[in-house]
$ cat work00.tsv   # TSV, C-alpha atoms
chain	number	residue	atom	x	y	z
H	1	MET	CA	0.00	0.00	0.00
H	2	SER	CA	2.83	2.33	0.85
H	3	SER	CA	4.49	1.58	-2.47
H	4	LYS	CA	1.28	2.41	-4.33
H	5	GLN	CA	0.96	5.68	-2.44
H	6	ASP	CA	4.57	6.52	-3.29
H	7	GLN	CA	3.87	5.88	-6.99
H	8	GLU	CA	0.78	8.08	-6.87
H	9	ALA	CA	2.72	10.82	-5.13
H	10	THR	CA	5.47	10.59	-7.75
H	11	LEU	CA	2.93	10.79	-10.58
H	12	ILE	CA	1.26	13.80	-8.99
H	13	SER	CA	4.62	15.54	-8.54
H	14	HIS	CA	5.48	14.91	-12.22
H	15	LEU	CA	2.12	16.26	-13.35
H	16	GLU	CA	2.60	19.29	-11.12
H	17	ALA	CA	6.05	19.92	-12.61
H	18	LEU	CA	4.60	19.63	-16.11
H	19	ARG	CA	1.81	22.02	-15.18
H	20	ARG	CA	4.32	24.59	-13.92
H	21	ALA	CA	6.43	24.27	-17.07
H	22	LEU	CA	3.39	24.74	-19.31
H	23	LEU	CA	2.11	27.62	-17.21
H	24	ARG	CA	5.44	29.47	-17.37
H	25	SER	CA	5.50	29.04	-21.16
H	26	ILE	CA	1.92	30.29	-21.54
H	27	VAL	CA	2.59	33.33	-19.34
H	28	ALA	CA	5.69	34.19	-21.37
H	29	LEU	CA	3.71	33.96	-24.62
H	30	ALA	CA	0.88	36.06	-23.17
H	31	ILE	CA	3.30	38.79	-22.12
H	32	GLY	CA	5.13	38.81	-25.44
H	33	ILE	CA	2.12	38.94	-27.74
H	34	VAL	CA	1.15	42.49	-26.73
H	35	PRO	CA	4.29	44.31	-28.00
H	36	LEU	CA	4.52	41.93	-30.94
H	37	PHE	CA	0.98	42.81	-31.97
H	38	LEU	CA	2.13	46.43	-32.22
H	39	VAL	CA	4.96	45.30	-34.51
H	40	SER	CA	2.75	43.04	-36.66
H	41	PRO	CA	1.45	45.84	-39.00
H	42	TYR	CA	5.02	46.56	-40.12
H	43	VAL	CA	5.64	42.84	-40.67
H	44	LEU	CA	2.42	42.60	-42.70
H	45	ASP	CA	3.46	45.60	-44.83
H	46	TRP	CA	6.86	44.01	-45.46
H	47	PHE	CA	5.19	40.75	-46.42
H	48	CYS	CA	2.88	42.52	-48.89
H	49	GLU	CA	5.84	44.33	-50.43
H	50	GLN	CA	7.71	41.06	-50.89
H	51	ILE	CA	4.71	39.43	-52.58
H	52	ALA	CA	4.33	42.45	-54.84
H	53	LEU	CA	7.98	42.12	-55.85
H	54	GLN	CA	7.35	38.52	-56.92
H	55	GLY	CA	5.24	39.71	-59.85
H	56	GLY	CA	3.51	43.00	-59.29
H	57	VAL	CA	0.53	41.40	-57.53
H	58	THR	CA	-1.86	43.59	-55.55
H	59	LEU	CA	-3.21	41.89	-52.47
H	60	HIS	CA	-6.82	42.29	-51.36
H	61	TYR	CA	-8.84	41.81	-48.20
H	62	PHE	CA	-12.54	40.99	-48.24
H	63	SER	CA	-13.91	41.69	-44.76
H	64	PRO	CA	-13.47	44.58	-42.29
H	65	MET	CA	-11.83	42.43	-39.59
H	66	GLU	CA	-9.61	40.38	-41.89
H	67	VAL	CA	-6.45	42.46	-41.52
H	68	PHE	CA	-6.87	42.70	-37.75
H	69	LEU	CA	-7.11	38.91	-37.46
H	70	LEU	CA	-4.08	38.53	-39.70
H	71	GLN	CA	-2.08	40.80	-37.43
H	72	LEU	CA	-3.07	38.59	-34.50
H	73	LYS	CA	-1.84	35.50	-36.37
H	74	ILE	CA	1.44	37.20	-37.27
H	75	SER	CA	2.03	38.32	-33.69
H	76	ALA	CA	1.30	34.76	-32.49
H	77	LEU	CA	3.91	33.31	-34.87
H	78	LEU	CA	6.48	35.93	-33.88
H	79	ASP	CA	5.70	35.15	-30.26
H	80	CYS	CA	6.37	31.43	-30.77
H	81	VAL	CA	9.59	32.09	-32.68
H	82	LEU	CA	11.07	34.64	-30.28
H	83	PHE	CA	10.12	32.71	-27.14
H	84	SER	CA	10.98	29.28	-28.52
H	85	PRO	CA	14.30	29.16	-26.54
H	86	TYR	CA	12.44	29.82	-23.29
H	87	ILE	CA	9.69	27.31	-24.10
H	88	ALA	CA	12.26	24.67	-25.08
H	89	TRP	CA	14.16	25.28	-21.86
H	90	ASN	CA	10.98	24.85	-19.79
H	91	MET	CA	10.06	21.61	-21.52
H	92	TRP	CA	13.55	20.16	-21.13
H	93	GLN	CA	13.65	21.30	-17.49
H	94	PHE	CA	10.65	19.06	-16.91
H	95	VAL	CA	12.67	15.93	-17.73
H	96	LEU	CA	15.97	17.01	-16.16
H	97	PRO	CA	15.35	15.68	-12.62
H	98	ALA	CA	14.99	12.12	-13.95
H	99	LEU	CA	18.35	12.16	-15.73
H	100	TYR	CA	21.95	11.51	-14.75
H	101	ASP	CA	24.48	14.35	-14.66
H	102	ASN	CA	25.96	13.53	-18.07
H	103	GLU	CA	22.47	13.30	-19.55
H	104	LYS	CA	21.57	16.67	-18.03
H	105	ARG	CA	24.58	18.26	-19.71
H	106	PHE	CA	23.48	16.75	-23.01
H	107	ILE	CA	19.90	18.02	-22.59
H	108	ARG	CA	21.10	21.53	-21.80
H	109	SER	CA	23.26	21.52	-24.91
H	110	ILE	CA	20.34	20.71	-27.21
H	111	VAL	CA	18.01	23.42	-25.87
H	112	ALA	CA	19.79	25.98	-28.05
H	113	MET	CA	19.78	23.56	-30.97
H	114	THR	CA	16.03	23.00	-30.60
H	115	SER	CA	15.36	26.74	-30.82
H	116	GLY	CA	17.93	27.28	-33.56
H	117	LEU	CA	16.46	24.57	-35.75
H	118	PHE	CA	12.93	25.91	-35.29
H	119	ILE	CA	14.01	29.44	-36.24
H	120	ALA	CA	16.05	28.07	-39.17
H	121	GLY	CA	13.00	26.18	-40.41
H	122	VAL	CA	10.82	29.29	-40.29
H	123	ALA	CA	13.47	31.39	-42.04
H	124	PHE	CA	14.02	28.74	-44.73
H	125	CYS	CA	10.29	28.64	-45.39
H	126	LEU	CA	9.79	32.40	-45.66
H	127	ILE	CA	12.97	33.21	-47.57
H	128	VAL	CA	13.31	30.23	-49.92
H	129	CYS	CA	10.22	28.05	-50.15
H	130	PHE	CA	7.27	30.43	-49.91
H	131	PRO	CA	8.46	32.70	-52.76
H	132	LEU	CA	8.86	29.60	-54.93
H	133	ILE	CA	5.29	28.55	-54.14
H	134	VAL	CA	3.98	32.02	-55.01
H	135	ARG	CA	5.89	32.10	-58.29
H	136	PHE	CA	4.62	28.63	-59.14
H	137	GLY	CA	1.05	29.74	-58.50
H	138	MET	CA	1.50	32.84	-60.64
H	139	SER	CA	2.92	30.81	-63.53
H	140	PHE	CA	-0.63	29.81	-64.49
H	141	ALA	CA	-1.61	33.41	-65.25
H	142	SER	CA	-2.47	34.30	-68.84
H	143	THR	CA	-4.23	37.05	-70.76
H	144	THR	CA	-7.57	35.42	-70.00
H	145	LEU	CA	-6.72	34.21	-66.49
H	146	GLN	CA	-5.45	36.71	-63.96
H	147	PRO	CA	-4.64	35.94	-60.30
H	148	VAL	CA	-6.44	37.81	-57.54
H	149	PHE	CA	-4.79	36.97	-54.24
H	150	GLY	CA	-6.50	37.50	-50.92
H	151	ILE	CA	-4.11	38.60	-48.19
H	152	SER	CA	-5.71	36.24	-45.68
H	153	ASN	CA	-5.11	33.15	-47.81
H	154	LEU	CA	-1.46	34.00	-48.46
H	155	VAL	CA	-0.59	34.99	-44.91
H	156	THR	CA	-2.36	31.97	-43.41
H	157	LEU	CA	-0.51	29.72	-45.85
H	158	ALA	CA	2.82	31.35	-44.98
H	159	LEU	CA	2.21	31.07	-41.24
H	160	TRP	CA	1.11	27.43	-41.43
H	161	LEU	CA	4.07	26.47	-43.60
H	162	SER	CA	6.42	28.32	-41.25
H	163	LEU	CA	5.19	26.31	-38.27
H	164	ALA	CA	5.41	23.07	-40.29
H	165	PHE	CA	8.99	23.80	-41.36
H	166	GLY	CA	9.97	24.81	-37.84
H	167	CYS	CA	8.64	21.54	-36.41
H	168	MET	CA	10.02	19.30	-39.15
H	169	PHE	CA	13.46	20.87	-38.80
H	170	GLN	CA	13.64	19.17	-35.37
H	171	PHE	CA	14.11	15.85	-37.19
H	172	PRO	CA	17.94	15.65	-36.98
H	173	LEU	CA	17.89	16.48	-33.28
H	174	VAL	CA	15.28	13.79	-32.57
H	175	THR	CA	17.26	11.21	-34.56
H	176	TYR	CA	20.51	12.11	-32.81
H	177	ALA	CA	18.94	12.14	-29.33
H	178	LEU	CA	17.21	8.77	-29.75
H	179	ILE	CA	20.39	7.07	-30.94
H	180	ARG	CA	22.62	8.70	-28.35
H	181	ALA	CA	20.24	7.76	-25.53
H	182	GLY	CA	20.24	4.17	-26.73
H	183	ILE	CA	16.47	4.15	-27.32
H	184	VAL	CA	16.99	3.05	-30.93
H	185	ASN	CA	19.93	1.35	-32.58
H	186	TYR	CA	22.03	3.14	-35.21
H	187	GLU	CA	22.06	0.19	-37.60
H	188	THR	CA	18.32	-0.28	-37.19
H	189	VAL	CA	17.66	3.32	-38.20
H	190	CYS	CA	19.97	2.96	-41.20
H	191	ASN	CA	18.16	-0.17	-42.33
H	192	LYS	CA	14.77	1.53	-41.96
H	193	ARG	CA	15.56	4.39	-44.33
H	194	PRO	CA	12.75	3.48	-46.81
H	195	TYR	CA	10.21	3.65	-43.96
H	196	VAL	CA	11.65	6.97	-42.81
H	197	VAL	CA	11.24	8.40	-46.32
H	198	VAL	CA	7.61	7.29	-46.41
H	199	ALA	CA	6.99	8.76	-42.93
H	200	ILE	CA	8.56	12.09	-43.93
H	201	LEU	CA	6.44	12.27	-47.08
H	202	LEU	CA	3.31	11.48	-45.09
H	203	PHE	CA	4.07	14.20	-42.55
H	204	ALA	CA	4.86	16.64	-45.35
H	205	ALA	CA	1.54	15.81	-47.01
H	206	LEU	CA	-0.33	16.36	-43.74
H	207	LEU	CA	1.41	19.62	-42.85
H	208	THR	CA	1.31	21.33	-46.26
H	209	PRO	CA	-1.39	22.24	-48.78
H	210	PRO	CA	-2.45	19.45	-51.16
H	211	ASP	CA	0.09	20.23	-53.87
H	212	ILE	CA	3.24	18.32	-54.74
H	213	ILE	CA	5.47	21.42	-54.79
H	214	SER	CA	4.88	22.31	-51.12
H	215	GLN	CA	5.24	18.70	-50.07
H	216	LEU	CA	8.57	18.27	-51.86
H	217	LEU	CA	9.88	21.59	-50.55
H	218	LEU	CA	9.24	20.36	-47.02
H	219	GLY	CA	10.03	16.67	-47.50
H	220	ALA	CA	13.38	17.01	-49.30
H	221	PRO	CA	15.19	19.20	-46.72
H	222	THR	CA	13.64	17.16	-43.89
H	223	TYR	CA	15.20	13.99	-45.27
H	224	LEU	CA	18.55	15.74	-45.63
H	225	LEU	CA	18.27	16.85	-42.02
H	226	PHE	CA	17.48	13.27	-40.99
H	227	GLU	CA	20.69	12.13	-42.70
H	228	THR	CA	22.54	14.94	-40.91
H	229	GLY	CA	21.30	13.70	-37.54
H	230	LEU	CA	22.20	10.14	-38.47
H	231	PHE	CA	25.69	11.22	-39.50
H	232	ALA	CA	26.18	13.08	-36.21
H	233	ALA	CA	25.09	10.00	-34.24
H	234	ARG	CA	27.30	7.48	-36.05
H	235	ARG	CA	29.87	7.45	-33.23
H	236	PHE	CA	27.22	5.88	-30.96
H	237	LYS	CA	26.47	3.03	-33.37
H	238	ASN	CA	28.17	0.42	-31.17
H	239	ARG	CA	26.41	1.46	-28.00
H	240	ASN	CA	23.66	-1.18	-28.26
$ encode --input "work00.tsv" --output "structure tokens"
Amino acid sequence: MSSKQDQEATLISHLEALRRALLRSIVALAIGIVPLFLVSPYVLDWFCEQIALQGGVTLHYFSPMEVFLLQLKISALLDCVLFSPYIAWNMWQFVLPALYDNEKRFIRSIVAMTSGLFIAGVAFCLIVCFPLIVRFGMSFASTTLQPVFGISNLVTLALWLSLAFGCMFQFPLVTYALIRAGIVNYETVCNKRPYVVVAILLFAALLTPPDIISQLLLGAPTYLLFETGLFAARRFKNRN
């Protein structure tokens, strides 16, 4: 009975630690979104200018509250990007007490990498991939078929793709961490490459619009990042 009570107490303490970590992250995001909302109009103007440079397209909005809601979405994305180091630190802090000292040092070292990869994924999407998607969409224009882009559709697409790229760019870190921790075997992962490719393509299809261009733009760099994580973890291949 005492053992059962100890297990229940341990579970409650873990849940309480998780609650505190989530609460700290939510409070940080709530504080940051106010000043970032004030910055969002300038970000939206910059975004519209960049789209216009892609082909002289004039963007439109179709309801009175549309631009306001877009600014909220932009400020939310900026909030996640800027506070991602703090959020990552909180989440990793949750698992630190259960680890050995050498594992704690390893976890602390990847907090910065977690944030860096997320920011790199967002930047890669907005700078490289999204302009390619816009140019591809505009390539169908003709004298009898002219594009009329709504600002809400484009911004929502850009924000969703940015989050997808930021999350998928965690792939090398996950691969490296699983192999280093001994949860999976290096040779096993190498032998399962075909399944990894299929999984990456499925995730890319779920996280992007239903067009092959977006899916390939997300899937191809994700697979390269997987290989990068596998290469970094090769020195642990004899651990299991």
$ atom_distance --input "work00.tsv" --atom1 "CA of Phe47 in chain H" --atom2 "CA of Leu224 in chain H"
28.4 Å
$ residues_around --input "work00.tsv" --residues "Leu216 in chain H" --least-positions-apart "3" --cutoff "9 Å" --atoms "all atoms listed in the file" --output "list in words"
Leu201, Ala204, Ala205, Asp211, Ile212, Ile213, Gly219, Ala220 and Pro221 of chain H
$ closest_atom_pairs --input "work00.tsv" --of "range 129-180 of chain H" --to "range 110-113 of chain H" --cutoff "9 Å" --atoms "all atoms listed in the file" --output "CSV"
residue,atom,partner,partner_atom,distance
H:Gln170,CA,H:Met113,CA,8.7
H:Leu173,CA,H:Met113,CA,7.7
H:Ala177,CA,H:Ile110,CA,8.9
$ closest_residue --input "work00.tsv" --among "H:Trp89, H:Cys190, H:Ser214, H:Glu49" --to "Phe136 in chain H" --atoms "only C-alpha atoms"
H:Ser214
$ atom_distance --input "work00.tsv" --atom1 "CA of Thr228 in chain H" --atom2 "CA of Thr175 in chain H"
9.1 Å
$ closest_residue --input "work00.tsv" --among "H:Trp160, H:Arg180, H:Leu126, H:Gln71" --to "Val43 in chain H" --atoms "only C-alpha atoms"
H:Gln71
$ residues_around --input "work00.tsv" --residues "Ala199 in chain H" --least-positions-apart "4" --cutoff "12 Å" --atoms "only C-alpha atoms" --output "JSON, numbers by chain"
{"H": [168, 171, 192, 193, 194, 195, 203, 204, 205, 206, 219, 222, 223, 226]}
$ atom_distance --input "work00.tsv" --atom1 "CA of Ile127 in chain H" --atom2 "CA of Ile26 in chain H"
28.4 Å
$ closest_residue --input "work00.tsv" --among "H:Ala141, H:Val122, H:Val27, H:Ile74" --to "Trp46 in chain H" --atoms "all atoms listed in the file"
H:Ile74
$ closest_residue --input "work00.tsv" --among "H:Met91, H:Leu77, H:Val34, H:Val189" --to "Leu18 in chain H" --atoms "only C-alpha atoms"
H:Met91
$ closest_residue --input "work00.tsv" --among "H:Gly116, H:Pro131, H:Pro147, H:Gly182" --to "Ala233 in chain H" --atoms "all atoms listed in the file"
H:Gly182
